[in-house]
>>> print(open('data_16.txt').read())   # compact mmCIF, C-alpha atoms
# COMPACT_ATOMS: atom_id res chain seq x y z
CA MET A 1250 38.21 53.35 -6.40
CA ARG A 1251 37.60 56.77 -4.91
CA GLU A 1252 38.49 57.61 -1.32
CA GLN A 1253 36.19 59.35 1.12
CA ARG A 1254 37.41 60.84 4.39
CA LEU A 1255 35.27 59.88 7.36
CA GLU A 1256 35.70 62.25 10.28
CA PRO A 1257 34.81 61.74 12.97
CA VAL A 1258 34.64 57.96 12.74
CA PRO A 1259 31.21 56.89 14.04
CA SER A 1260 30.97 54.80 17.20
CA LEU A 1261 30.11 51.13 16.83
CA GLY A 1262 26.97 51.74 18.87
CA SER A 1263 25.62 54.20 16.33
CA LEU A 1264 26.72 51.93 13.47
CA TYR A 1265 24.77 48.96 14.83
CA SER A 1266 21.68 51.15 15.00
CA ARG A 1267 22.21 52.01 11.35
CA ALA A 1268 22.81 48.32 10.63
CA LEU A 1269 19.23 47.51 11.59
CA ALA A 1270 17.96 49.85 8.89
CA ALA A 1271 20.60 48.73 6.40
CA THR A 1272 19.68 45.07 6.89
CA ALA A 1273 16.01 45.87 6.29
CA ARG A 1274 16.90 47.71 3.08
CA THR A 1275 19.04 44.91 1.66
CA THR A 1276 16.41 42.24 2.33
CA MET A 1277 13.70 44.24 0.55
CA ARG A 1278 15.32 45.98 -2.40
CA ARG A 1279 16.04 44.69 -5.89
CA GLY A 1280 17.83 46.03 -8.95
CA PRO A 1281 21.31 47.02 -10.15
CA ALA A 1282 22.18 49.02 -7.03
CA ALA A 1283 22.11 45.80 -5.01
CA ASP A 1284 24.38 43.88 -7.36
CA ARG A 1285 27.82 45.27 -6.48
CA LEU A 1286 29.98 46.50 -3.63
CA PRO A 1287 30.43 50.24 -3.05
CA ASP A 1288 33.24 51.66 -5.22
CA VAL A 1289 34.61 53.71 -2.33
CA ALA A 1290 37.26 53.37 0.37
CA TYR A 1291 36.84 55.13 3.70
CA VAL A 1292 39.90 56.83 5.20
CA ALA A 1293 40.32 58.44 8.60
CA GLY A 1294 43.09 59.95 10.67
CA GLY A 1295 43.64 60.87 14.29
CA LEU A 1296 43.07 57.38 15.66
CA ARG A 1297 44.63 56.90 19.10
CA ALA A 1298 44.44 54.24 21.77
CA ASP A 1299 42.77 55.23 25.03
CA PRO A 1300 45.12 54.22 27.88
CA ALA A 1301 42.34 53.02 30.21
CA THR A 1302 40.60 50.98 27.51
CA LEU A 1303 43.92 49.52 26.37
CA SER A 1304 44.72 48.47 29.92
CA ALA A 1305 41.30 46.84 30.34
CA TYR A 1306 41.72 45.05 26.99
CA GLN A 1307 45.16 43.73 27.96
CA GLU A 1308 43.84 42.45 31.29
CA LEU A 1309 40.82 40.74 29.71
CA LEU A 1310 42.78 39.07 26.90
CA GLY A 1311 45.88 38.15 28.92
CA GLU A 1312 48.28 40.52 27.15
CA PRO A 1313 51.11 42.15 29.14
CA GLY A 1314 50.37 45.64 30.45
CA THR A 1315 52.88 47.52 28.27
CA ASP A 1316 52.58 50.50 25.94
CA GLU A 1317 52.53 48.13 22.94
CA LEU A 1318 49.13 47.76 21.29
CA PRO A 1319 48.18 44.09 20.76
CA ALA A 1320 47.37 43.28 17.14
CA GLY A 1321 43.79 42.55 18.17
CA TYR A 1322 43.48 45.98 19.76
CA VAL A 1323 44.57 47.68 16.55
CA HIS A 1324 41.65 45.80 14.98
CA VAL A 1325 39.39 47.32 17.63
CA LEU A 1326 40.56 50.83 16.69
CA ALA A 1327 40.08 50.33 12.95
CA PHE A 1328 36.96 48.12 12.86
CA PRO A 1329 34.44 51.03 12.98
CA LEU A 1330 35.81 52.24 9.63
CA ALA A 1331 35.05 48.87 8.03
CA MET A 1332 31.67 48.69 9.75
CA ALA A 1333 30.80 52.12 8.35
CA LEU A 1334 31.25 50.69 4.85
CA MET A 1335 28.90 47.81 5.58
CA VAL A 1336 26.05 50.07 6.70
CA ARG A 1337 26.18 52.30 3.62
CA PRO A 1338 22.86 52.42 1.72
CA ASP A 1339 24.56 50.90 -1.35
CA PHE A 1340 26.20 47.98 0.48
CA PRO A 1341 24.41 44.98 -1.05
CA LEU A 1342 24.59 42.43 1.78
CA PRO A 1343 22.59 42.31 5.04
CA VAL A 1344 24.92 43.42 7.83
CA LEU A 1345 23.26 41.89 10.87
CA GLY A 1346 23.64 38.14 10.81
CA MET A 1347 26.83 38.20 8.73
CA VAL A 1348 29.28 35.57 9.96
CA HIS A 1349 32.96 36.39 10.51
CA THR A 1350 34.66 33.37 8.92
CA ALA A 1351 38.36 34.28 8.77
CA ASN A 1352 40.93 36.94 9.57
CA ARG A 1353 44.48 37.59 8.36
CA VAL A 1354 46.66 40.25 10.00
CA GLU A 1355 50.10 41.39 8.90
CA GLN A 1356 51.83 43.31 11.69
CA HIS A 1357 54.89 45.08 10.27
CA ARG A 1358 56.10 46.49 13.57
CA PRO A 1359 54.72 47.12 17.06
CA VAL A 1360 52.27 50.01 17.43
CA ARG A 1361 52.81 52.08 20.57
CA LEU A 1362 50.46 53.89 22.89
CA GLY A 1363 50.49 57.58 21.96
CA GLU A 1364 51.06 57.06 18.24
CA GLU A 1365 48.54 58.80 16.00
CA LEU A 1366 47.22 56.39 13.41
CA SER A 1367 45.39 56.69 10.11
CA ALA A 1368 43.36 53.91 8.49
CA ARG A 1369 41.85 52.98 5.15
CA ALA A 1370 39.06 50.43 4.65
CA GLU A 1371 37.49 48.94 1.53
CA ALA A 1372 35.15 46.05 0.68
CA ARG A 1373 36.31 43.73 -2.07
CA SER A 1374 36.33 40.26 -3.63
CA PRO A 1375 32.69 39.16 -3.41
CA ARG A 1376 32.48 35.46 -4.22
CA ALA A 1377 29.96 32.69 -4.12
CA HIS A 1378 29.76 30.24 -1.24
CA ARG A 1379 27.49 27.25 -0.88
CA LYS A 1380 25.70 29.07 1.95
CA GLY A 1381 25.58 32.56 0.42
CA THR A 1382 28.19 35.21 -0.44
CA LEU A 1383 31.64 35.87 0.97
CA VAL A 1384 33.15 39.35 1.03
CA ASP A 1385 36.47 40.75 2.32
CA LEU A 1386 36.88 43.93 4.37
CA ALA A 1387 40.47 45.09 3.94
CA VAL A 1388 41.94 47.62 6.39
CA THR A 1389 45.38 49.25 6.34
CA VAL A 1390 46.74 51.22 9.31
CA GLU A 1391 49.59 53.71 9.05
CA ALA A 1392 51.68 55.66 11.56
CA GLY A 1393 53.70 58.61 10.32
CA GLY A 1394 53.09 57.58 6.72
CA GLU A 1395 54.43 54.05 7.36
CA THR A 1396 52.21 50.99 7.00
CA VAL A 1397 52.33 49.23 10.35
CA TRP A 1398 49.34 46.86 10.27
CA GLU A 1399 47.12 45.30 7.62
CA CYS A 1400 44.08 43.09 7.95
CA VAL A 1401 41.66 41.22 5.70
CA SER A 1402 38.48 40.07 7.46
CA THR A 1403 36.19 37.67 5.59
CA TYR A 1404 32.44 37.62 6.20
CA LEU A 1405 29.67 35.31 5.01
CA ALA A 1406 26.23 36.68 4.22
CA ARG A 1407 24.14 33.55 4.62
CA GLY A 1408 21.30 33.01 2.17
CA THR A 1409 22.21 36.05 0.04
CA ARG A 1410 23.58 35.82 -3.48
CA LEU A 1411 24.75 38.64 -5.72
CA PRO A 1412 23.87 38.41 -9.43
CA GLY A 1413 26.95 37.90 -11.57
CA VAL A 1414 29.10 36.56 -8.74
CA THR A 1415 29.94 33.02 -9.77
CA GLU A 1416 33.38 32.21 -8.40
CA GLU A 1417 33.09 29.46 -5.84
CA ALA A 1418 35.17 29.86 -2.73
CA PRO A 1419 37.40 26.93 -1.81
CA PRO A 1420 36.17 25.06 1.26
CA SER A 1421 37.72 26.04 4.57
CA SER A 1422 39.80 23.44 6.32
CA SER A 1423 38.02 21.88 9.27
CA GLU A 1424 40.88 19.57 10.21
CA GLU A 1425 41.96 20.13 13.77
CA PRO A 1426 45.72 20.63 14.10
CA GLY A 1427 47.46 18.32 16.50
CA GLY A 1428 49.63 19.54 19.30
CA GLU A 1429 49.68 20.00 23.04
CA VAL A 1430 46.80 21.48 24.99
CA VAL A 1431 48.33 24.48 26.77
CA ALA A 1432 45.23 26.04 28.32
CA VAL A 1433 41.54 25.49 28.97
CA TRP A 1434 39.44 28.65 29.11
CA SER A 1435 36.26 28.83 31.17
CA LEU A 1436 34.20 31.54 29.52
CA GLY A 1437 31.43 32.96 31.66
CA ALA A 1438 28.01 34.06 30.47
CA ASP A 1439 29.22 37.67 30.67
CA THR A 1440 32.21 37.14 28.33
CA GLY A 1441 30.45 38.83 25.39
CA ARG A 1442 29.51 41.85 27.49
CA ARG A 1443 33.02 42.14 28.93
CA TYR A 1444 34.63 42.08 25.49
CA ALA A 1445 32.03 44.56 24.24
CA GLU A 1446 33.14 46.99 26.96
CA VAL A 1447 36.75 47.05 25.69
CA SER A 1448 35.99 46.74 21.96
CA GLY A 1449 32.74 48.66 21.53
CA ASP A 1450 31.36 45.67 19.57
CA ARG A 1451 27.86 45.20 21.03
CA ASN A 1452 26.50 43.01 18.29
CA PRO A 1453 23.29 41.50 19.76
CA ILE A 1454 24.39 37.92 19.08
CA HIS A 1455 27.20 38.40 21.62
CA VAL A 1456 25.50 40.37 24.38
CA SER A 1457 21.80 39.46 24.35
CA ARG A 1458 19.97 36.15 24.65
CA LEU A 1459 17.08 37.53 22.61
CA GLY A 1460 19.51 38.91 20.02
CA ALA A 1461 21.27 35.57 19.76
CA ARG A 1462 17.99 33.68 19.36
CA ALA A 1463 16.96 36.02 16.55
CA PHE A 1464 19.88 34.64 14.52
CA GLY A 1465 19.42 30.99 15.44
CA PHE A 1466 21.65 30.65 18.52
CA PRO A 1467 20.18 29.34 21.80
CA ARG A 1468 22.25 31.80 23.82
CA PRO A 1469 24.93 34.48 23.18
CA ILE A 1470 28.15 33.43 21.45
CA ALA A 1471 31.69 34.64 22.08
CA HIS A 1472 33.15 37.23 19.70
CA GLY A 1473 35.42 35.55 17.19
CA MET A 1474 38.03 38.26 17.72
CA TYR A 1475 37.91 37.61 21.47
CA THR A 1476 38.85 33.94 21.07
CA ALA A 1477 41.40 34.65 18.33
CA SER A 1478 43.02 37.50 20.30
CA ARG A 1479 43.13 35.45 23.48
CA ALA A 1480 44.89 32.69 21.56
CA LEU A 1481 47.37 35.22 20.15
CA ALA A 1482 48.13 36.49 23.66
CA GLN A 1483 49.21 32.99 24.66
CA LEU A 1484 51.48 32.66 21.63
CA ALA A 1485 53.68 35.69 22.38
CA ARG A 1486 56.91 33.68 22.37
CA PHE A 1487 56.27 32.58 18.78
CA ARG A 1488 55.37 35.90 17.18
CA GLY A 1489 58.13 38.48 17.69
CA ASP A 1490 57.65 42.15 16.79
CA ALA A 1491 56.50 41.53 13.21
CA PHE A 1492 54.32 38.58 12.30
CA THR A 1493 51.47 37.17 10.25
CA TRP A 1494 48.42 36.06 12.25
CA GLU A 1495 45.77 33.95 10.57
CA VAL A 1496 42.57 32.45 11.92
CA GLU A 1497 39.60 30.55 10.55
CA PHE A 1498 36.44 30.37 12.62
CA ALA A 1499 34.48 27.12 12.76
CA LYS A 1500 31.68 26.40 15.26
CA PRO A 1501 30.77 29.36 17.50
CA VAL A 1502 31.44 29.22 21.25
CA LEU A 1503 28.15 29.30 23.16
CA LEU A 1504 28.34 31.20 26.45
CA PRO A 1505 29.00 30.04 29.07
CA GLY A 1506 31.40 27.52 27.63
CA LYS A 1507 34.88 26.02 27.68
CA VAL A 1508 37.63 26.14 25.04
CA ALA A 1509 40.84 24.09 25.04
CA LEU A 1510 43.75 25.73 23.24
CA SER A 1511 46.28 23.43 21.57
CA VAL A 1512 49.50 24.49 19.86
CA ASP A 1513 51.78 22.73 17.42
CA PRO A 1514 55.08 24.41 16.45
CA ALA A 1515 55.45 24.44 12.67
CA GLY A 1516 58.61 25.75 11.05
CA ASP A 1517 59.41 29.20 12.41
CA GLY A 1518 55.88 29.69 13.70
CA VAL A 1519 53.04 27.80 15.31
CA ARG A 1520 49.68 26.30 14.42
CA TYR A 1521 46.94 26.58 17.01
CA ALA A 1522 43.37 25.42 17.51
CA GLY A 1523 40.59 26.09 19.97
CA HIS A 1524 38.16 23.24 20.53
CA HIS A 1525 35.68 21.94 23.07
CA PRO A 1526 37.68 20.04 25.70
CA ARG A 1527 35.32 17.03 25.77
CA SER A 1528 33.64 16.75 22.36
CA GLY A 1529 36.62 18.04 20.38
CA ARG A 1530 34.33 20.33 18.36
CA LEU A 1531 36.55 22.83 16.57
CA HIS A 1532 35.90 26.52 17.22
CA LEU A 1533 38.89 28.17 15.56
CA SER A 1534 42.28 27.34 14.07
CA GLY A 1535 45.13 29.26 12.55
CA THR A 1536 48.81 30.10 12.43
CA VAL A 1537 51.18 32.71 13.80
CA THR A 1538 54.37 33.17 11.77
CA PRO A 1539 57.17 35.67 12.46
CA ARG A 1540 57.98 38.00 9.55
CA THR A 1541 61.60 38.23 8.44
>>> encode(input="data_16.txt", output="structure tokens")
Amino acid sequence: MREQRLEPVPSLGSLYSRALAATARTTMRRGPAADRLPDVAYVAGGLRADPATLSAYQELLGEPGTDELPAGYVHVLAFPLAMALMVRPDFPLPVLGMVHTANRVEQHRPVRLGEELSARAEARSPRAHRKGTLVDLAVTVEAGGETVWECVSTYLARGTRLPGVTEEAPPSSSEEPGGEVVAVWSLGADTGRRYAEVSGDRNPIHVSRLGARAFGFPRPIAHGMYTASRALAQLARFRGDAFTWEVEFAKPVLLPGKVALSVDPAGDGVRYAGHHPRSGRLHLSGTVTPRT
């Protein structure tokens, strides 16, 4: 796989504009060019956290106001590189409407405000799913030549199948972990817009009623990374400086809405779940495990 340097890294706003055109292309074209993922990895350097945006992120998500970048904020810094891959003309899946189904982060050590970071992103492992095609976006972040953070985000392109991709993905677990309810979040109608301000992720399904309806939702839904990162913030005592953070997303959270967070210590780490406090409908579940 060849590497291509991307400087400057485009803003998410400009990338979503390109996503409209990219989605139109992928729904209309046919032929070999649409049958495979791009054989290229994007790399970029000079990534730094903005102190004001970091502070606003920490306040919104419930993270302490220190110079340590939350793992979810590192995702914010690196996500435009992955998004740039998905809006390439040769990316075979429709970008808008893709569903974020899972995330796995390996934090090797804390990342500090002021550190200059570099990142590498690639798309890989397309596989069949009963509702379409799954694909992984893998991102690695380095500081001073040292790998400090790695992430694999899994997305589902509903209703789209790539020729030659036959491996069936194993079903995701929908079993709600047990445990104690430690918090109930009341998410206002503006939650999507507030997270968009600190993350740059203004996907229409999160910030616009019309945009949400275009993809089958009656009203905007919360960002998956908002709910996962908010859960992580409340699990600080379990994670330490280096940890593995996993999440699977189930039913989306319609805004406004409520989410009950339950935790269940498991071994050296913890299992957690976010669900509707009355119906029990599962929204997300995962684990946080310290690395040794």
>>> atom_distance(input="data_16.txt", atom1="CA of Ala1445 (chain A)", atom2="CA of His1324 (chain A)")
13.4 Å
>>> atom_distance(input="data_16.txt", atom1="CA of Pro1341 (chain A)", atom2="CA of Pro1287 (chain A)")
8.2 Å
>>> closest_residue(input="data_16.txt", among="A:Gly1314, A:Gly1321, A:Gly1408, A:Pro1329", to="Val1348 (chain A)", atoms="only C-alpha atoms")
A:Gly1408
>>> atom_distance(input="data_16.txt", atom1="CA of Arg1407 (chain A)", atom2="CA of Arg1468 (chain A)")
19.4 Å
>>> closest_residue(input="data_16.txt", among="A:Leu1533, A:Leu1326, A:Leu1296, A:Met1332", to="Gly1262 (chain A)", atoms="all atoms listed in the file")
A:Met1332
>>> residues_near_point(input="data_16.txt", point="(31.5, 45.9, 7.0)", cutoff="10 Å", atoms="all atoms listed in the file", output="short mmCIF file (atom, residue, chain, number, x, y, z; two decimals) with C-alpha atoms, keeping the file's coordinate frame")
data_model
loop_
_atom_site.label_atom_id
_atom_site.label_comp_id
_atom_site.auth_asym_id
_atom_site.auth_seq_id
_atom_site.Cartn_x
_atom_site.Cartn_y
_atom_site.Cartn_z
CA ALA A 1268 22.81 48.32 10.63
CA PHE A 1328 36.96 48.12 12.86
CA PRO A 1329 34.44 51.03 12.98
CA LEU A 1330 35.81 52.24 9.63
CA ALA A 1331 35.05 48.87 8.03
CA MET A 1332 31.67 48.69 9.75
CA ALA A 1333 30.80 52.12 8.35
CA LEU A 1334 31.25 50.69 4.85
CA MET A 1335 28.90 47.81 5.58
CA VAL A 1336 26.05 50.07 6.70
CA ARG A 1337 26.18 52.30 3.62
CA PHE A 1340 26.20 47.98 0.48
CA LEU A 1342 24.59 42.43 1.78
CA PRO A 1343 22.59 42.31 5.04
CA VAL A 1344 24.92 43.42 7.83
CA LEU A 1345 23.26 41.89 10.87
CA MET A 1347 26.83 38.20 8.73
CA ALA A 1370 39.06 50.43 4.65
CA GLU A 1371 37.49 48.94 1.53
CA ALA A 1372 35.15 46.05 0.68
CA VAL A 1384 33.15 39.35 1.03
CA ASP A 1385 36.47 40.75 2.32
CA LEU A 1386 36.88 43.93 4.37
CA ALA A 1387 40.47 45.09 3.94
CA SER A 1402 38.48 40.07 7.46
CA THR A 1403 36.19 37.67 5.59
CA TYR A 1404 32.44 37.62 6.20
#
>>> residues_around(input="data_16.txt", residues="Thr1409 (chain A)", least_positions_apart="3", cutoff="8 Å", atoms="only C-alpha atoms", output="ChimeraX atom specification")
/A:1342,1381-1382,1406
